[in-house]
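Each remark here refers to the structure printed beneath this line.
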Amino acid sequence: MRDQIIQLVYLAASILFILGLKSLTKPDTARRGMQYAALGMVFAVGGTLLHHDIIDYRFLALGLVVGTVIGWPLGTRVPMTAMPQRIAISHMFGALAATLVGIAEYRHQAGLHLERPVMAALGFEVLFGALTITGSFMAFGKLQELIPGRPITWPGQNLLNLALFAGAVGAFGYLIYDPTQEWAFYAMVGIALLVGVMMVIPIGGADMPVVVSLLNSYAGLAASATGFAIGNNVLIICGALDGASGFLLSLLMSKAMNRSFSNVLFGAFGSAPAASAAAGAGGVMKGIEPDDAAALLAYARNVIVVPGYGLAVAQAQQVVRELAEQVERRGGEVRYAIHPVAGRMPGHMNVLLAEANVAYEKIQDLEEINAAFAEADVALVVGANDVVNPAARSDKASPIFGMPILNADQAKKVLVLKRGKGAGFSGIENQLFFADNTSVLFGDAKSTLTRVVTEMKALG
Amino acid sequence: MDLTLLELYVFILAGFTGYLVITRVPPLLHTPLMSATNAMSAISLVGSLVVAGSDRGTLSTVLGTVAVVCATINAVGGFVITDRMLKMFKTGPKGGHTP
């Protein structure tokens, strides 16, 4: 009877989770829907507490309390600009939880009798889990700039990674053949931890949206495998939803960069071809002073803002909105063009603009807005680089050739905010910055734009 | 039917459901989607709570308790931050489009 109640509670939780995800298809229903999902989580935890195996509530209460004490500030305090690393580190926590449960289950069940299907599930659980733990931690380190964001590569790297991966799979295969071999189990965990590190080291900052999505998917699959191992449907369902979401996002991100999964994972971005591409770009960047930029924007009817990672770095989202208000006050229209891989994770720019109170109807995707650039008076590029690089359309030698880009170069006038004269994070030169209709505002985006806004106000 | 096969059914069907629902999530909400699925992956609590609370030796209890801590961090932090984000997505004045 108790088991039936628990299963029904789990079913209710699963339904609430799916409803929660469905609500995310529209911004105005999203918040209520996620409250349903949170309620689902409360149900699932409550149901589990009735489980007849639980005889001692002290330690699980301790875990719940400590987790809440750490989790609450992580939810309320972390600034929106730090969302990519916040998401990366939470993938680590999720994977760690799944892996620890996997190890405990293995130890418990190995003492009884371990069936092969259960062993397979446990194997998948700790394999995906362990590589997600270290992979996410490395991604976190790169995004937080604890370790260099640039790709770190050396000769024979892919071969070494492949050998490591083969070792982990080999240990897994042996375990399915003979589940009692504990050394193989721990060897597999160890190698998988190493694979996670090695997998993320060669990946550059600009490719992080794909990696973070992929790790999201792995964390979900690890949770799902846990469900198989302990025969729990709500875990299987939730893990599958999570896995599907991460997989879909990484597909979308790869497509937005015109690259395959394997190319992102094995072909460190811009390592060799960057030099040849740099030779193609040339000329002089024309600088512009904030007061001239202010005059230009003051008389623009149609402005499109193209934000990139530089906007997040400079925390310039508020001042961009202030600038837009100045344009709108004079009867102009301002829209925001978001490239799918702008920033360091899917949707990064949208969250920052939403934080700055930009109405979401003004925020448009690549397909929606790209035709509008030809009619725009000014395209204002704030800390974006590769996503507006015309070489992606024309230069076959460029490492980003074929990637869909925002056609900022087609605007009548292009204003670029840039910290210095160097190439961007990817190290690829951008011909847009040298074009006849482009002027560059050098300096920190936030302080420069603040000066532009002040000048615009002074114009009356 | 074999129990494992039945679980495979559930997995595949849930994966499809997820794929179909999530395809319709607009890029605007991709970051909240990530943090939401993250919070939901804390469902591994249903496994870790049992490990932490059942009598299977000290090491299991320790592993289980640490797992409960990690999963709870995600559940609490994940749902709170998702809500914080979604609260920010506002429509323009009078709910209308720009002129």
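Each chain in the structure tokens gets a letter, A, B and so on, in the order shown; residues start at 1 in every chain, and ligands are counted from 1 in the order they appear.
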* Asked: Mind listing as a PyMOL selection string which residues of chain A are within 6 Å of chain B, counting only C-alpha atoms?
  -> chain A and resi 22+24-25+31+48+53-57+60+63-64+67-68+71-72+74-75+93-94+97+100-101+104+236-237+240-242+244+346-347+350+354-355+359-360
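Proximity to A:Val212 at 8 Å, evaluated using only C-alpha atoms and with sequence-adjacent residues fewer than 3 positions away removed, yields Ile87, Ala88, Ser136, Ala139, Met208, Pro209, Leu215, Asn216 and Met345 of chain A.
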* Closest to A:Met138 among A:Asp292, A:Val382, A:Val195, A:Gly331, using only C-alpha atoms? -> A:Val195
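What separates atom CA of A:Ile369 from atom CA of A:Ser447 is a distance of 27.9 Å.
Taking only stretch 231-381 of chain A, the residues that DSSP calls strand (DSSP E or B) from the backbone come to Gly287, Asn302, Val303, Ile304, Val305, Val306, Pro307, Glu333, Val334, Arg335, Tyr336, Ala337, Ile338, Ile363, Gln364, Asp365, Val378, Ala379, Leu380 and Val381 of chain A.
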Go ahead and dump the residues you just picked, C-alpha atoms, as an mmCIF file, in the first residue's frame.
```cif
data_model
loop_
_atom_site.group_PDB
_atom_site.id
_atom_site.type_symbol
_atom_site.label_atom_id
_atom_site.label_comp_id
_atom_site.auth_asym_id
_atom_site.auth_seq_id
_atom_site.Cartn_x
_atom_site.Cartn_y
_atom_site.Cartn_z
ATOM 1 C CA GLY A 287 37.855 55.628 -34.447
ATOM 2 C CA ASN A 302 16.088 52.608 -36.828
ATOM 3 C CA VAL A 303 18.774 51.152 -34.574
ATOM 4 C CA ILE A 304 19.676 47.507 -34.090
ATOM 5 C CA VAL A 305 21.846 46.564 -31.123
ATOM 6 C CA VAL A 306 24.029 43.472 -31.511
ATOM 7 C CA PRO A 307 25.234 42.355 -28.062
ATOM 8 C CA GLU A 333 13.073 52.452 -32.919
ATOM 9 C CA VAL A 334 15.555 50.140 -31.200
ATOM 10 C CA ARG A 335 15.649 46.383 -31.530
ATOM 11 C CA TYR A 336 18.117 43.791 -30.289
ATOM 12 C CA ALA A 337 19.542 41.097 -32.542
ATOM 13 C CA ILE A 338 20.627 37.962 -30.713
ATOM 14 C CA ILE A 363 14.670 41.031 -28.597
ATOM 15 C CA GLN A 364 14.795 39.078 -31.836
ATOM 16 C CA ASP A 365 16.544 35.985 -33.175
ATOM 17 C CA VAL A 378 22.785 52.210 -37.223
ATOM 18 C CA ALA A 379 23.910 48.775 -36.134
ATOM 19 C CA LEU A 380 25.428 49.112 -32.667
ATOM 20 C CA VAL A 381 27.773 46.182 -32.029
#
```
* Could you name the residues that touch A:Glu182 at 10 Å or less, counting only C-alpha atoms, but leaving out those on the same chain fewer than 5 positions away, as a list of chain:residue names? ->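 Within the cut-off, the hits are A:Tyr106, A:Arg107, A:Ala110, A:Leu175, A:Ala187, A:Met188.
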Resulting file, chosen residues, N, CA, C and O atoms, as a compact mmCIF listing (two decimals), in the first residue's frame:
```txt
# COMPACT_ATOMS: atom_id res chain seq x y z
N TYR A 106 26.54 0.35 -6.06
CA TYR A 106 27.42 -0.73 -6.51
C TYR A 106 27.93 -1.52 -5.31
O TYR A 106 27.89 -2.74 -5.27
N ARG A 107 28.42 -0.78 -4.29
CA ARG A 107 28.95 -1.44 -3.10
C ARG A 107 27.86 -2.28 -2.42
O ARG A 107 28.10 -3.40 -1.98
N ALA A 110 26.78 -5.25 -4.96
CA ALA A 110 27.84 -6.21 -5.22
C ALA A 110 27.92 -7.23 -4.09
O ALA A 110 28.31 -8.37 -4.29
N LEU A 175 33.23 -5.19 -16.71
CA LEU A 175 32.32 -5.21 -15.58
C LEU A 175 31.00 -5.88 -15.92
O LEU A 175 30.40 -6.57 -15.08
N ALA A 187 38.49 1.74 -11.40
CA ALA A 187 39.33 2.20 -12.52
C ALA A 187 38.48 2.99 -13.51
O ALA A 187 38.88 4.06 -13.99
N MET A 188 37.28 2.47 -13.76
CA MET A 188 36.39 3.16 -14.70
C MET A 188 36.04 4.56 -14.19
O MET A 188 36.07 5.54 -14.94
```
* **Residues within 8 Å of stretch 383-385 of chain A, only C-alpha atoms, excluding chain neighbours under 5 positions, as a PyMOL selection string** => chain A and resi 306-311+342+416-418+424+430+445
* **Sel. of helix (DSSP H, G or I) residues, chain B, as a count of residues only** => 82
* Any idea what's packed within 12 Å of A:Leu296, counting only C-alpha atoms, ignoring anything in its chain fewer than 3 positions away? Could you give it as number ranges by chain? -> A: 288-293, 299-303, 327, 332, 377-380, 412-415, 439, 452-453, 455-456, 459
Residue neighbourhood A:Arg150, 9 Å, only C-alpha atoms, exclusion window fewer than 3 positions, as a PDB file with all heavy atoms, in the first residue's frame:
```pdb
ATOM      1  N   LYS A 142      37.070  27.688 -16.618  1.00  0.00           N
ATOM      2  CA  LYS A 142      37.327  28.519 -17.799  1.00  0.00           C
ATOM      3  C   LYS A 142      36.421  29.741 -17.808  1.00  0.00           C
ATOM      4  O   LYS A 142      36.856  30.851 -18.114  1.00  0.00           O
ATOM      5  CB  LYS A 142      37.118  27.701 -19.075  1.00  0.00           C
ATOM      6  CG  LYS A 142      38.216  26.699 -19.324  1.00  0.00           C
ATOM      7  CD  LYS A 142      38.279  26.261 -20.769  1.00  0.00           C
ATOM      8  CE  LYS A 142      39.564  25.472 -20.984  1.00  0.00           C
ATOM      9  NZ  LYS A 142      40.060  25.529 -22.341  1.00  0.00           N
ATOM     10  N   ILE A 147      41.200  29.306 -14.981  1.00  0.00           N
ATOM     11  CA  ILE A 147      42.187  28.763 -15.911  1.00  0.00           C
ATOM     12  C   ILE A 147      41.983  29.467 -17.244  1.00  0.00           C
ATOM     13  O   ILE A 147      40.896  29.992 -17.501  1.00  0.00           O
ATOM     14  CB  ILE A 147      42.028  27.227 -16.086  1.00  0.00           C
ATOM     15  CG1 ILE A 147      40.558  26.843 -16.235  1.00  0.00           C
ATOM     16  CG2 ILE A 147      42.681  26.470 -14.956  1.00  0.00           C
ATOM     17  CD1 ILE A 147      40.358  25.382 -16.486  1.00  0.00           C
ATOM     18  N   ILE A 201      39.652  20.759 -21.623  1.00  0.00           N
ATOM     19  CA  ILE A 201      40.890  21.557 -21.752  1.00  0.00           C
ATOM     20  C   ILE A 201      41.072  22.160 -23.159  1.00  0.00           C
ATOM     21  O   ILE A 201      41.367  23.346 -23.270  1.00  0.00           O
ATOM     22  CB  ILE A 201      42.130  20.710 -21.357  1.00  0.00           C
ATOM     23  CG1 ILE A 201      42.272  20.712 -19.830  1.00  0.00           C
ATOM     24  CG2 ILE A 201      43.401  21.251 -21.972  1.00  0.00           C
ATOM     25  CD1 ILE A 201      43.529  20.043 -19.336  1.00  0.00           C
ATOM     26  N   PRO A 202      40.899  21.382 -24.234  1.00  0.00           N
ATOM     27  CA  PRO A 202      41.192  21.966 -25.551  1.00  0.00           C
ATOM     28  C   PRO A 202      40.082  22.857 -26.095  1.00  0.00           C
ATOM     29  O   PRO A 202      40.194  23.337 -27.233  1.00  0.00           O
ATOM     30  CB  PRO A 202      41.396  20.737 -26.445  1.00  0.00           C
ATOM     31  CG  PRO A 202      40.616  19.672 -25.810  1.00  0.00           C
ATOM     32  CD  PRO A 202      40.573  19.958 -24.353  1.00  0.00           C
ATOM     33  N   ILE A 203      39.017  23.077 -25.347  1.00  0.00           N
ATOM     34  CA  ILE A 203      37.877  23.826 -25.910  1.00  0.00           C
ATOM     35  C   ILE A 203      37.923  25.282 -25.476  1.00  0.00           C
ATOM     36  O   ILE A 203      38.065  25.582 -24.290  1.00  0.00           O
ATOM     37  CB  ILE A 203      36.557  23.151 -25.505  1.00  0.00           C
ATOM     38  CG1 ILE A 203      36.516  21.756 -26.139  1.00  0.00           C
ATOM     39  CG2 ILE A 203      35.371  23.974 -25.967  1.00  0.00           C
ATOM     40  CD1 ILE A 203      35.364  20.920 -25.731  1.00  0.00           C
ATOM     41  N   GLY A 204      37.811  26.185 -26.447  1.00  0.00           N
ATOM     42  CA  GLY A 204      37.930  27.613 -26.176  1.00  0.00           C
ATOM     43  C   GLY A 204      36.642  28.223 -25.662  1.00  0.00           C
ATOM     44  O   GLY A 204      35.562  27.634 -25.746  1.00  0.00           O
ATOM     45  N   GLY A 205      36.762  29.424 -25.107  1.00  0.00           N
ATOM     46  CA  GLY A 205      35.631  30.115 -24.514  1.00  0.00           C
ATOM     47  C   GLY A 205      34.436  30.266 -25.445  1.00  0.00           C
ATOM     48  O   GLY A 205      33.294  30.112 -25.031  1.00  0.00           O
ATOM     49  N   ALA A 206      34.701  30.547 -26.728  1.00  0.00           N
ATOM     50  CA  ALA A 206      33.608  30.799 -27.659  1.00  0.00           C
ATOM     51  C   ALA A 206      32.779  29.546 -27.918  1.00  0.00           C
ATOM     52  O   ALA A 206      31.635  29.624 -28.337  1.00  0.00           O
ATOM     53  CB  ALA A 206      34.148  31.338 -28.978  1.00  0.00           C
ATOM     54  N   PHE A 425      38.109  37.080 -28.851  1.00  0.00           N
ATOM     55  CA  PHE A 425      38.474  35.907 -28.076  1.00  0.00           C
ATOM     56  C   PHE A 425      38.920  34.746 -28.956  1.00  0.00           C
ATOM     57  O   PHE A 425      39.771  33.966 -28.579  1.00  0.00           O
ATOM     58  CB  PHE A 425      37.286  35.467 -27.220  1.00  0.00           C
ATOM     59  CG  PHE A 425      37.046  36.364 -26.057  1.00  0.00           C
ATOM     60  CD1 PHE A 425      36.175  37.436 -26.151  1.00  0.00           C
ATOM     61  CD2 PHE A 425      37.718  36.151 -24.871  1.00  0.00           C
ATOM     62  CE1 PHE A 425      35.960  38.259 -25.070  1.00  0.00           C
ATOM     63  CE2 PHE A 425      37.505  36.976 -23.786  1.00  0.00           C
ATOM     64  CZ  PHE A 425      36.627  38.036 -23.886  1.00  0.00           C
ATOM     65  N   SER A 426      38.323  34.645 -30.151  1.00  0.00           N
ATOM     66  CA  SER A 426      38.654  33.507 -30.987  1.00  0.00           C
ATOM     67  C   SER A 426      39.946  33.734 -31.752  1.00  0.00           C
ATOM     68  O   SER A 426      40.476  32.830 -32.365  1.00  0.00           O
ATOM     69  CB  SER A 426      37.517  33.249 -31.981  1.00  0.00           C
ATOM     70  OG  SER A 426      37.407  34.351 -32.847  1.00  0.00           O
TER      71      SER A 426
END
```
* To do: Tell me, as a list in words, which residues lie within 10 Å of stretch 4-12 of chain A, counting only C-alpha atoms; anything in the same chain fewer than 2 positions away does not count.
  => Met1, Arg2, Ser14, Ile15, Leu16, Phe17, Leu39, Gly40, Met41, Phe43, Ala44, Val45, Gly46, Gly47, Thr48, Leu49, Leu50, His51, Asn232, Asn233, Val234, Leu235 and Ile237 of chain A; Val46 of chain B
* Looking at only C-alpha atoms, which of A:Val440, A:Val169, A:Ala295, A:Ala411 is the one that sits closest to A:Lys457? ->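 Using only C-alpha atoms, the shortest distance to A:Lys457 belongs to A:Ala295.
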